[in-house]
file run_11.cif (mmCIF, C-alpha atoms and all ligand atoms; chains and numbers go by the auth columns)
data_work
loop_
_atom_site.group_PDB
_atom_site.id
_atom_site.type_symbol
_atom_site.label_atom_id
_atom_site.label_comp_id
_atom_site.label_asym_id
_atom_site.label_seq_id
_atom_site.Cartn_x
_atom_site.Cartn_y
_atom_site.Cartn_z
_atom_site.B_iso_or_equiv
_atom_site.auth_seq_id
_atom_site.auth_asym_id
ATOM 1 C CA MET A 1 2.821 27.687 -2.088 0.00 741 A
ATOM 2 C CA GLU A 2 1.704 26.319 1.270 0.00 742 A
ATOM 3 C CA THR A 3 4.734 25.219 3.310 0.00 743 A
ATOM 4 C CA ARG A 4 3.270 21.818 4.054 0.00 744 A
ATOM 5 C CA ILE A 5 2.889 21.015 0.357 0.00 745 A
ATOM 6 C CA ASN A 6 6.312 22.373 -0.460 0.00 746 A
ATOM 7 C CA ASP A 7 7.892 20.287 2.325 0.00 747 A
ATOM 8 C CA PHE A 8 6.056 17.176 1.257 0.00 748 A
ATOM 9 C CA ILE A 9 7.249 17.482 -2.341 0.00 749 A
ATOM 10 C CA ARG A 10 10.852 18.107 -1.254 0.00 750 A
ATOM 11 C CA ALA A 11 10.768 15.111 1.073 0.00 751 A
ATOM 12 C CA GLU A 12 9.341 12.862 -1.657 0.00 752 A
ATOM 13 C CA PHE A 13 12.048 13.997 -4.099 0.00 753 A
ATOM 14 C CA GLY A 14 14.644 13.306 -1.398 0.00 754 A
ATOM 15 C CA LYS A 15 13.422 9.753 -0.809 0.00 755 A
ATOM 16 C CA SER A 16 13.184 9.027 -4.494 0.00 756 A
ATOM 17 C CA LEU A 17 16.681 10.362 -5.223 0.00 757 A
ATOM 18 C CA ASP A 18 18.099 8.358 -2.316 0.00 758 A
ATOM 19 C CA ASN A 19 16.413 5.232 -3.658 0.00 759 A
ATOM 20 C CA PHE A 20 17.837 5.750 -7.154 0.00 760 A
ATOM 21 C CA GLN A 21 21.292 6.591 -5.810 0.00 761 A
ATOM 22 C CA ARG A 22 21.370 3.322 -3.892 0.00 762 A
ATOM 23 C CA MET A 23 20.275 1.407 -6.977 0.00 763 A
ATOM 24 C CA ALA A 24 22.801 3.148 -9.218 0.00 764 A
ATOM 25 C CA ALA A 25 25.631 2.253 -6.804 0.00 765 A
ATOM 26 C CA ASP A 26 24.604 -1.395 -6.492 0.00 766 A
ATOM 27 C CA ASP A 27 26.927 -3.628 -8.554 0.00 767 A
ATOM 28 C CA GLY A 28 24.788 -6.643 -7.654 0.00 768 A
ATOM 29 C CA LEU A 29 21.756 -5.016 -9.238 0.00 769 A
ATOM 30 C CA ARG A 30 23.560 -4.575 -12.557 0.00 770 A
ATOM 31 C CA GLU A 31 24.648 -8.210 -12.329 0.00 771 A
ATOM 32 C CA GLN A 32 21.038 -9.294 -11.728 0.00 772 A
ATOM 33 C CA ILE A 33 19.785 -7.225 -14.661 0.00 773 A
ATOM 34 C CA GLY A 34 22.303 -9.049 -16.877 0.00 774 A
ATOM 35 C CA GLN A 35 21.036 -12.398 -15.560 0.00 775 A
ATOM 36 C CA ALA A 36 17.389 -11.486 -16.111 0.00 776 A
ATOM 37 C CA VAL A 37 18.123 -10.304 -19.662 0.00 777 A
ATOM 38 C CA ALA A 38 19.923 -13.596 -20.382 0.00 778 A
ATOM 39 C CA ILE A 39 16.955 -15.606 -19.064 0.00 779 A
ATOM 40 C CA CYS A 40 14.433 -13.656 -21.168 0.00 780 A
ATOM 41 C CA VAL A 41 16.544 -13.574 -24.326 0.00 781 A
ATOM 42 C CA GLY A 42 17.293 -17.307 -24.026 0.00 782 A
ATOM 43 C CA ALA A 43 13.582 -18.065 -23.659 0.00 783 A
ATOM 44 C CA LEU A 44 12.586 -15.855 -26.595 0.00 784 A
ATOM 45 C CA ARG A 45 15.246 -17.429 -28.832 0.00 785 A
ATOM 46 C CA GLU A 46 13.752 -20.835 -27.962 0.00 786 A
ATOM 47 C CA GLY A 47 10.331 -19.632 -29.098 0.00 787 A
ATOM 48 C CA ARG A 48 9.019 -19.152 -25.542 0.00 788 A
ATOM 49 C CA LYS A 49 7.096 -16.181 -24.176 0.00 789 A
ATOM 50 C CA ILE A 50 7.158 -13.802 -21.238 0.00 790 A
ATOM 51 C CA LEU A 51 4.195 -13.500 -18.874 0.00 791 A
ATOM 52 C CA PHE A 52 3.748 -10.561 -16.494 0.00 792 A
ATOM 53 C CA ALA A 53 1.513 -10.021 -13.451 0.00 793 A
ATOM 54 C CA GLY A 54 1.056 -7.748 -10.451 0.00 794 A
ATOM 55 C CA ASN A 55 -1.702 -6.005 -8.485 0.00 795 A
ATOM 56 C CA GLY A 56 -2.720 -2.333 -8.507 0.00 796 A
ATOM 57 C CA GLY A 57 0.154 -0.160 -9.722 0.00 797 A
ATOM 58 C CA SER A 58 2.115 -3.314 -10.491 0.00 798 A
ATOM 59 C CA ALA A 59 -0.691 -4.495 -12.795 0.00 799 A
ATOM 60 C CA ALA A 60 -0.046 -1.280 -14.705 0.00 800 A
ATOM 61 C CA ASP A 61 3.670 -2.181 -14.836 0.00 801 A
ATOM 62 C CA ALA A 62 2.818 -5.664 -16.133 0.00 802 A
ATOM 63 C CA GLN A 63 0.748 -4.199 -18.967 0.00 803 A
ATOM 64 C CA HIS A 64 3.271 -1.486 -19.660 0.00 804 A
ATOM 65 C CA TRP A 65 6.208 -3.891 -20.045 0.00 805 A
ATOM 66 C CA ALA A 66 4.258 -6.452 -22.094 0.00 806 A
ATOM 67 C CA GLY A 67 3.338 -3.545 -24.378 0.00 807 A
ATOM 68 C CA GLU A 68 6.991 -2.536 -24.811 0.00 808 A
ATOM 69 C CA LEU A 69 7.858 -6.053 -25.984 0.00 809 A
ATOM 70 C CA VAL A 70 4.849 -6.808 -28.181 0.00 810 A
ATOM 71 C CA SER A 71 4.893 -3.363 -29.814 0.00 811 A
ATOM 72 C CA ARG A 72 8.320 -1.667 -29.701 0.00 812 A
ATOM 73 C CA PHE A 73 10.609 0.098 -27.286 0.00 813 A
ATOM 74 C CA TYR A 74 13.437 2.220 -28.707 0.00 814 A
ATOM 75 C CA TYR A 75 13.145 1.181 -32.341 0.00 815 A
ATOM 76 C CA ASP A 76 11.144 -0.681 -34.947 0.00 816 A
ATOM 77 C CA ARG A 77 11.595 -4.489 -35.050 0.00 817 A
ATOM 78 C CA PRO A 78 9.375 -7.611 -35.062 0.00 818 A
ATOM 79 C CA GLY A 79 7.025 -8.002 -32.080 0.00 819 A
ATOM 80 C CA LEU A 80 8.122 -10.165 -29.150 0.00 820 A
ATOM 81 C CA PRO A 81 5.698 -12.607 -27.445 0.00 821 A
ATOM 82 C CA ALA A 82 4.642 -11.205 -24.074 0.00 822 A
ATOM 83 C CA ILE A 83 1.335 -11.309 -22.205 0.00 823 A
ATOM 84 C CA ALA A 84 0.115 -9.362 -19.172 0.00 824 A
ATOM 85 C CA LEU A 85 -2.156 -11.610 -17.096 0.00 825 A
ATOM 86 C CA THR A 86 -3.928 -8.552 -15.686 0.00 826 A
ATOM 87 C CA THR A 87 -6.019 -7.386 -18.623 0.00 827 A
ATOM 88 C CA ASP A 88 -8.879 -9.734 -19.482 0.00 828 A
ATOM 89 C CA THR A 89 -11.772 -8.874 -17.180 0.00 829 A
ATOM 90 C CA SER A 90 -13.787 -11.931 -18.228 0.00 830 A
ATOM 91 C CA ILE A 91 -10.927 -14.256 -17.315 0.00 831 A
ATOM 92 C CA LEU A 92 -10.089 -12.346 -14.120 0.00 832 A
ATOM 93 C CA THR A 93 -13.702 -12.213 -12.918 0.00 833 A
ATOM 94 C CA ALA A 94 -14.401 -15.848 -13.827 0.00 834 A
ATOM 95 C CA ILE A 95 -11.351 -17.102 -11.933 0.00 835 A
ATOM 96 C CA GLY A 96 -11.977 -14.694 -9.048 0.00 836 A
ATOM 97 C CA ASN A 97 -15.619 -15.682 -8.805 0.00 837 A
ATOM 98 C CA ASP A 98 -15.253 -19.430 -9.323 0.00 838 A
ATOM 99 C CA TYR A 99 -11.948 -20.156 -7.558 0.00 839 A
ATOM 100 C CA GLY A 100 -11.105 -17.027 -5.543 0.00 840 A
ATOM 101 C CA TYR A 101 -8.910 -13.978 -6.102 0.00 841 A
ATOM 102 C CA ASP A 102 -5.799 -15.836 -4.940 0.00 842 A
ATOM 103 C CA TYR A 103 -5.943 -17.948 -8.102 0.00 843 A
ATOM 104 C CA THR A 104 -6.268 -15.144 -10.685 0.00 844 A
ATOM 105 C CA PHE A 105 -2.714 -15.575 -11.990 0.00 845 A
ATOM 106 C CA ALA A 106 -2.025 -19.211 -11.062 0.00 846 A
ATOM 107 C CA ARG A 107 -4.935 -20.412 -13.161 0.00 847 A
ATOM 108 C CA GLN A 108 -3.729 -18.409 -16.167 0.00 848 A
ATOM 109 C CA ILE A 109 -0.231 -19.818 -15.798 0.00 849 A
ATOM 110 C CA GLU A 110 -1.726 -23.286 -15.640 0.00 850 A
ATOM 111 C CA ALA A 111 -3.643 -22.527 -18.862 0.00 851 A
ATOM 112 C CA LEU A 112 -1.059 -20.545 -20.840 0.00 852 A
ATOM 113 C CA GLY A 113 2.351 -21.296 -19.333 0.00 853 A
ATOM 114 C CA GLN A 114 4.700 -23.681 -21.112 0.00 854 A
ATOM 115 C CA LYS A 115 7.967 -25.133 -19.930 0.00 855 A
ATOM 116 C CA GLY A 116 10.698 -22.578 -20.604 0.00 856 A
ATOM 117 C CA ASP A 117 8.409 -19.530 -20.547 0.00 857 A
ATOM 118 C CA VAL A 118 9.341 -16.730 -18.147 0.00 858 A
ATOM 119 C CA PHE A 119 6.978 -15.258 -15.554 0.00 859 A
ATOM 120 C CA VAL A 120 7.731 -11.770 -14.286 0.00 860 A
ATOM 121 C CA ALA A 121 6.137 -11.539 -10.822 0.00 861 A
ATOM 122 C CA ILE A 122 5.699 -7.999 -9.474 0.00 862 A
ATOM 123 C CA SER A 123 4.786 -7.439 -5.809 0.00 863 A
ATOM 124 C CA THR A 124 6.097 -4.574 -3.689 0.00 864 A
ATOM 125 C CA SER A 125 5.345 -6.479 -0.468 0.00 865 A
ATOM 126 C CA GLY A 126 6.256 -9.880 -1.850 0.00 866 A
ATOM 127 C CA ARG A 127 3.206 -11.151 -0.007 0.00 867 A
ATOM 128 C CA SER A 128 0.294 -10.930 -2.438 0.00 868 A
ATOM 129 C CA LYS A 129 -1.310 -14.349 -2.404 0.00 869 A
ATOM 130 C CA ASN A 130 -2.229 -14.405 -6.073 0.00 870 A
ATOM 131 C CA ILE A 131 1.426 -13.787 -6.948 0.00 871 A
ATOM 132 C CA LEU A 132 2.639 -16.470 -4.520 0.00 872 A
ATOM 133 C CA ARG A 133 0.098 -18.966 -5.913 0.00 873 A
ATOM 134 C CA ALA A 134 1.328 -18.080 -9.384 0.00 874 A
ATOM 135 C CA LEU A 135 4.849 -19.059 -8.287 0.00 875 A
ATOM 136 C CA ASP A 136 3.491 -22.487 -7.257 0.00 876 A
ATOM 137 C CA ALA A 137 1.964 -22.860 -10.724 0.00 877 A
ATOM 138 C CA CYS A 138 5.302 -21.859 -12.324 0.00 878 A
ATOM 139 C CA GLU A 139 7.082 -24.594 -10.385 0.00 879 A
ATOM 140 C CA GLU A 140 4.610 -27.154 -11.625 0.00 880 A
ATOM 141 C CA LYS A 141 4.793 -26.009 -15.241 0.00 881 A
ATOM 142 C CA GLY A 142 8.552 -25.450 -15.453 0.00 882 A
ATOM 143 C CA VAL A 143 8.083 -21.716 -16.021 0.00 883 A
ATOM 144 C CA ARG A 144 11.124 -19.654 -14.973 0.00 884 A
ATOM 145 C CA VAL A 145 10.530 -16.757 -12.573 0.00 885 A
ATOM 146 C CA ILE A 146 11.945 -13.244 -12.353 0.00 886 A
ATOM 147 C CA GLY A 147 10.666 -11.371 -9.280 0.00 887 A
ATOM 148 C CA PHE A 148 10.293 -7.656 -8.574 0.00 888 A
ATOM 149 C CA THR A 149 9.790 -6.708 -4.931 0.00 889 A
ATOM 150 C CA GLY A 150 10.956 -4.366 -2.145 0.00 890 A
ATOM 151 C CA ALA A 151 13.673 -4.358 0.511 0.00 891 A
ATOM 152 C CA THR A 152 12.127 -7.073 2.674 0.00 892 A
ATOM 153 C CA GLY A 153 11.522 -9.421 -0.235 0.00 893 A
ATOM 154 C CA GLY A 154 8.427 -10.795 1.494 0.00 894 A
ATOM 155 C CA ASP A 155 7.945 -14.456 0.578 0.00 895 A
ATOM 156 C CA MET A 156 9.272 -14.142 -2.958 0.00 896 A
ATOM 157 C CA VAL A 157 13.040 -14.081 -2.674 0.00 897 A
ATOM 158 C CA ASP A 158 13.816 -17.804 -2.495 0.00 898 A
ATOM 159 C CA ARG A 159 11.244 -18.606 -5.114 0.00 899 A
ATOM 160 C CA CYS A 160 12.634 -16.568 -8.012 0.00 900 A
ATOM 161 C CA GLU A 161 15.634 -17.291 -10.201 0.00 901 A
ATOM 162 C CA VAL A 162 16.401 -13.583 -10.116 0.00 902 A
ATOM 163 C CA CYS A 163 14.696 -11.329 -7.561 0.00 903 A
ATOM 164 C CA PHE A 164 15.002 -7.547 -7.810 0.00 904 A
ATOM 165 C CA ARG A 165 14.678 -5.993 -4.355 0.00 905 A
ATOM 166 C CA VAL A 166 14.344 -2.229 -4.590 0.00 906 A
ATOM 167 C CA PRO A 167 15.991 -0.847 -1.415 0.00 907 A
ATOM 168 C CA SER A 168 12.924 0.794 0.090 0.00 908 A
ATOM 169 C CA THR A 169 9.937 -0.245 2.189 0.00 909 A
ATOM 170 C CA GLU A 170 7.632 2.417 0.724 0.00 910 A
ATOM 171 C CA THR A 171 5.343 1.110 -1.994 0.00 911 A
ATOM 172 C CA PRO A 172 5.605 4.116 -4.347 0.00 912 A
ATOM 173 C CA ARG A 173 9.417 4.187 -4.092 0.00 913 A
ATOM 174 C CA ILE A 174 9.549 0.455 -4.772 0.00 914 A
ATOM 175 C CA GLN A 175 7.265 0.907 -7.776 0.00 915 A
ATOM 176 C CA GLU A 176 9.454 3.720 -9.129 0.00 916 A
ATOM 177 C CA GLY A 177 12.470 1.425 -8.884 0.00 917 A
ATOM 178 C CA HIS A 178 10.573 -1.384 -10.597 0.00 918 A
ATOM 179 C CA GLU A 179 9.575 0.908 -13.403 0.00 919 A
ATOM 180 C CA PHE A 180 13.200 1.891 -14.033 0.00 920 A
ATOM 181 C CA ILE A 181 14.524 -1.683 -13.938 0.00 921 A
ATOM 182 C CA GLY A 182 11.628 -2.865 -16.123 0.00 922 A
ATOM 183 C CA HIS A 183 12.518 -0.299 -18.759 0.00 923 A
ATOM 184 C CA LEU A 184 16.162 -1.364 -18.653 0.00 924 A
ATOM 185 C CA LEU A 185 15.098 -4.996 -19.143 0.00 925 A
ATOM 186 C CA CYS A 186 12.870 -4.164 -22.109 0.00 926 A
ATOM 187 C CA ALA A 187 15.569 -2.047 -23.759 0.00 927 A
ATOM 188 C CA LEU A 188 18.244 -4.711 -23.290 0.00 928 A
ATOM 189 C CA ILE A 189 15.996 -7.563 -24.447 0.00 929 A
ATOM 190 C CA GLU A 190 15.166 -5.560 -27.573 0.00 930 A
ATOM 191 C CA SER A 191 18.804 -4.800 -28.371 0.00 931 A
ATOM 192 C CA GLU A 192 19.965 -8.377 -27.664 0.00 932 A
ATOM 193 C CA VAL A 193 17.269 -10.092 -29.734 0.00 933 A
ATOM 194 C CA PHE A 194 17.348 -7.533 -32.548 0.00 934 A
ATOM 195 C CA PRO A 195 20.787 -5.898 -32.596 0.00 935 A
ATOM 196 C CA LYS A 196 20.925 -2.841 -34.823 0.00 936 A
HETATM 197 O O1 LIG B . -0.134 1.594 -6.774 0.00 1001 A
HETATM 198 C C1 LIG B . -0.351 1.388 -5.601 0.00 1001 A
HETATM 199 C C2 LIG B . 0.402 2.117 -4.565 0.00 1001 A
HETATM 200 O O2 LIG B . 1.334 2.995 -5.165 0.00 1001 A
HETATM 201 C C3 LIG B . -1.387 0.390 -5.152 0.00 1001 A
HETATM 202 O O3 LIG B . -2.397 0.274 -6.127 0.00 1001 A
HETATM 203 C C4 LIG B . -0.751 -0.997 -4.916 0.00 1001 A
HETATM 204 O O4 LIG B . -0.207 -1.454 -6.127 0.00 1001 A
HETATM 205 C C5 LIG B . -1.807 -1.983 -4.399 0.00 1001 A
HETATM 206 O O5 LIG B . -2.108 -1.654 -3.071 0.00 1001 A
HETATM 207 C C6 LIG B . -1.365 -3.452 -4.472 0.00 1001 A
HETATM 208 O O6 LIG B . -2.432 -4.280 -4.085 0.00 1001 A
HETATM 209 C C7 LIG B . -0.128 -3.782 -3.621 0.00 1001 A
HETATM 210 O O7 LIG B . 0.220 -5.148 -3.852 0.00 1001 A
HETATM 211 P P1 LIG B . 1.717 -5.659 -3.707 0.00 1001 A
HETATM 212 O O8 LIG B . 2.615 -4.724 -4.472 0.00 1001 A
HETATM 213 O O9 LIG B . 2.035 -5.696 -2.243 0.00 1001 A
HETATM 214 O O10 LIG B . 1.710 -7.046 -4.307 0.00 1001 A
HETATM 215 ZN ZN ZN B . 0.469 3.769 -7.179 0.00 1002 A
#

call {"tool": "encode", "arguments": {"input": "run_11.cif", "output": "structure tokens"}}
result
Amino acid sequence: METRINDFIRAEFGKSLDNFQRMAADDGLREQIGQAVAICVGALREGRKILFAGNGGSAADAQHWAGELVSRFYYDRPGLPAIALTTDTSILTAIGNDYGYDYTFARQIEALGQKGDVFVAISTSGRSKNILRALDACEEKGVRVIGFTGATGGDMVDRCEVCFRVPSTETPRIQEGHEFIGHLLCALIESEVFPK
């Protein structure tokens, strides 16, 4: 194989492994995962729901995690109420066209969010305006917020009850970390709400 390609792949593996090693060694991260699970499980037991949103790759995460909860993760059990706010092109284009892209998630939270629901906000930069506007809407509606972002935290950190900051400034590495933590959350929510 061409050396350049070989080197690139090795370097990417190196960065990814370093990222995961840091996360695995972070006691605070495990603590935060426990807190986020408690928030979600408490909300679900109260008959509330979990809303997810993000842009680009993080929109895929939002849909992926909502799917794990509504369908199943490790085992068969009743569906859990979760909605990705990234999927309905009529809603997204109407809001984008009539109010502007910055309002794509805020407007949906205004429409669907109820006090005690949980919003999972995913932004690697922590600076996407539609996510930040959604946090304003959560404040107004009494929706609790769990954030997923990167090392800098952007403008999200102080605005989330729990904020996962993957220790990297590279978008793909941050997304890989999010994906791992998101899977842990889904697995733990499933086993807490429906113990085997
Ligand atoms: O998946 C990737 C990069 O890996 C991209 O699609 C990325 O998600 C997009 O550029 C997003 O718009 C980035 O938004 P954010 O994570 O900063 O909120
Ligand atoms: Zn990507």

call {"tool": "residues_near_ligand", "arguments": {"input": "run_11.cif", "ligand": "ligand LIG 1001 (chain A)", "cutoff": "7 Å", "atoms": "all atoms listed in the file", "output": "list in words"}}
result
Gly794, Asn795, Gly796, Gly797, Ser798, Ile862, Ser863, Thr864, Ser865, Gly866, Arg867, Ser868, Thr911, Pro912 and Gln915 of chain A

call {"tool": "closest_residue", "arguments": {"input": "run_11.cif", "among": "A:Ile914, A:Val885, A:Cys780, A:Ala822", "to": "ligand ZN 1002 (chain A)", "atoms": "all atoms listed in the file"}}
result
A:Ile914

call {"tool": "closest_residue", "arguments": {"input": "run_11.cif", "among": "A:Ile790, A:Val906, A:Ile871, A:Ala800", "to": "ligand ZN 1002 (chain A)", "atoms": "only C-alpha atoms and all ligand atoms"}}
result
A:Ala800

call {"tool": "residues_around", "arguments": {"input": "run_11.cif", "residues": "range 770-773 of chain A", "least_positions_apart": "2", "cutoff": "8 Å", "atoms": "all atoms listed in the file", "output": "PyMOL selection string"}}
result
chain A and resi 766-768+775-777+902-904+921+924-925

call {"tool": "atom_distance", "arguments": {"input": "run_11.cif", "atom1": "CA of Arg750 in chain A", "atom2": "CA of Gly894 in chain A"}}
result
29.1 Å

call {"tool": "residues_around", "arguments": {"input": "run_11.cif", "residues": "range 877-879 of chain A", "least_positions_apart": "4", "cutoff": "8 Å", "atoms": "only C-alpha atoms", "output": "list in words"}}
result
Ala846, Arg847, Ile849, Glu850, Gly853, Phe859, Arg873, Val883, Arg884 and Val885 of chain A

call {"tool": "resolve_selection", "arguments": {"input": "run_11.cif", "expression": "the PyMOL selection byres (((chain A and resi 820) around 6) and not hetatm)", "output": "list of chain:residue names"}}
result
A:Leu809, A:Val810, A:Gly819, A:Pro821

call {"tool": "atom_distance", "arguments": {"input": "run_11.cif", "atom1": "CA of Gly917 in chain A", "atom2": "CA of Ala861 in chain A"}}
result
14.6 Å

call {"tool": "build_atoms", "arguments": {"input": "run_11.cif", "residues": "range 893-912 of chain A", "atoms": "N, CA and C atoms", "output": "tab-separated table (two decimals), keeping the file's coordinate frame"}}
result
chain	number	residue	atom	x	y	z
A	893	GLY	N	11.62	-8.25	0.64
A	893	GLY	CA	11.52	-9.42	-0.24
A	893	GLY	C	10.28	-10.25	0.02
A	894	GLY	N	9.63	-10.03	1.17
A	894	GLY	CA	8.43	-10.80	1.49
A	894	GLY	C	8.69	-12.28	1.39
A	895	ASP	N	7.78	-13.00	0.73
A	895	ASP	CA	7.94	-14.46	0.58
A	895	ASP	C	8.41	-14.84	-0.82
A	896	MET	N	8.94	-13.86	-1.56
A	896	MET	CA	9.27	-14.14	-2.96
A	896	MET	C	10.72	-14.56	-3.19
A	897	VAL	N	11.61	-14.03	-2.36
A	897	VAL	CA	13.04	-14.08	-2.67
A	897	VAL	C	13.55	-15.47	-3.06
A	898	ASP	N	13.26	-16.47	-2.23
A	898	ASP	CA	13.82	-17.80	-2.50
A	898	ASP	C	13.10	-18.52	-3.62
A	899	ARG	N	12.06	-17.91	-4.13
A	899	ARG	CA	11.24	-18.61	-5.11
A	899	ARG	C	11.44	-18.07	-6.53
A	900	CYS	N	12.40	-17.16	-6.69
A	900	CYS	CA	12.63	-16.57	-8.01
A	900	CYS	C	14.08	-16.83	-8.42
A	901	GLU	N	14.27	-17.08	-9.71
A	901	GLU	CA	15.63	-17.29	-10.20
A	901	GLU	C	16.45	-16.00	-10.04
A	902	VAL	N	15.82	-14.90	-10.37
A	902	VAL	CA	16.40	-13.58	-10.12
A	902	VAL	C	15.32	-12.80	-9.39
A	903	CYS	N	15.69	-12.12	-8.29
A	903	CYS	CA	14.70	-11.33	-7.56
A	903	CYS	C	15.23	-9.92	-7.33
A	904	PHE	N	14.60	-8.94	-7.97
A	904	PHE	CA	15.00	-7.55	-7.81
A	904	PHE	C	14.36	-7.00	-6.54
A	905	ARG	N	15.20	-6.57	-5.61
A	905	ARG	CA	14.68	-5.99	-4.36
A	905	ARG	C	15.05	-4.52	-4.30
A	906	VAL	N	14.09	-3.68	-4.63
A	906	VAL	CA	14.34	-2.23	-4.59
A	906	VAL	C	14.53	-1.83	-3.12
A	907	PRO	N	15.61	-1.08	-2.81
A	907	PRO	CA	15.99	-0.85	-1.42
A	907	PRO	C	15.14	0.18	-0.68
A	908	SER	N	13.84	-0.09	-0.63
A	908	SER	CA	12.92	0.79	0.09
A	908	SER	C	11.80	-0.07	0.64
A	909	THR	N	11.12	0.46	1.67
A	909	THR	CA	9.94	-0.24	2.19
A	909	THR	C	8.67	0.53	1.87
A	910	GLU	N	8.81	1.61	1.10
A	910	GLU	CA	7.63	2.42	0.72
A	910	GLU	C	7.14	2.00	-0.65
A	911	THR	N	5.88	1.63	-0.73
A	911	THR	CA	5.34	1.11	-1.99
A	911	THR	C	5.63	2.01	-3.21
A	912	PRO	N	5.35	3.31	-3.14
A	912	PRO	CA	5.60	4.12	-4.35
A	912	PRO	C	7.07	4.15	-4.75
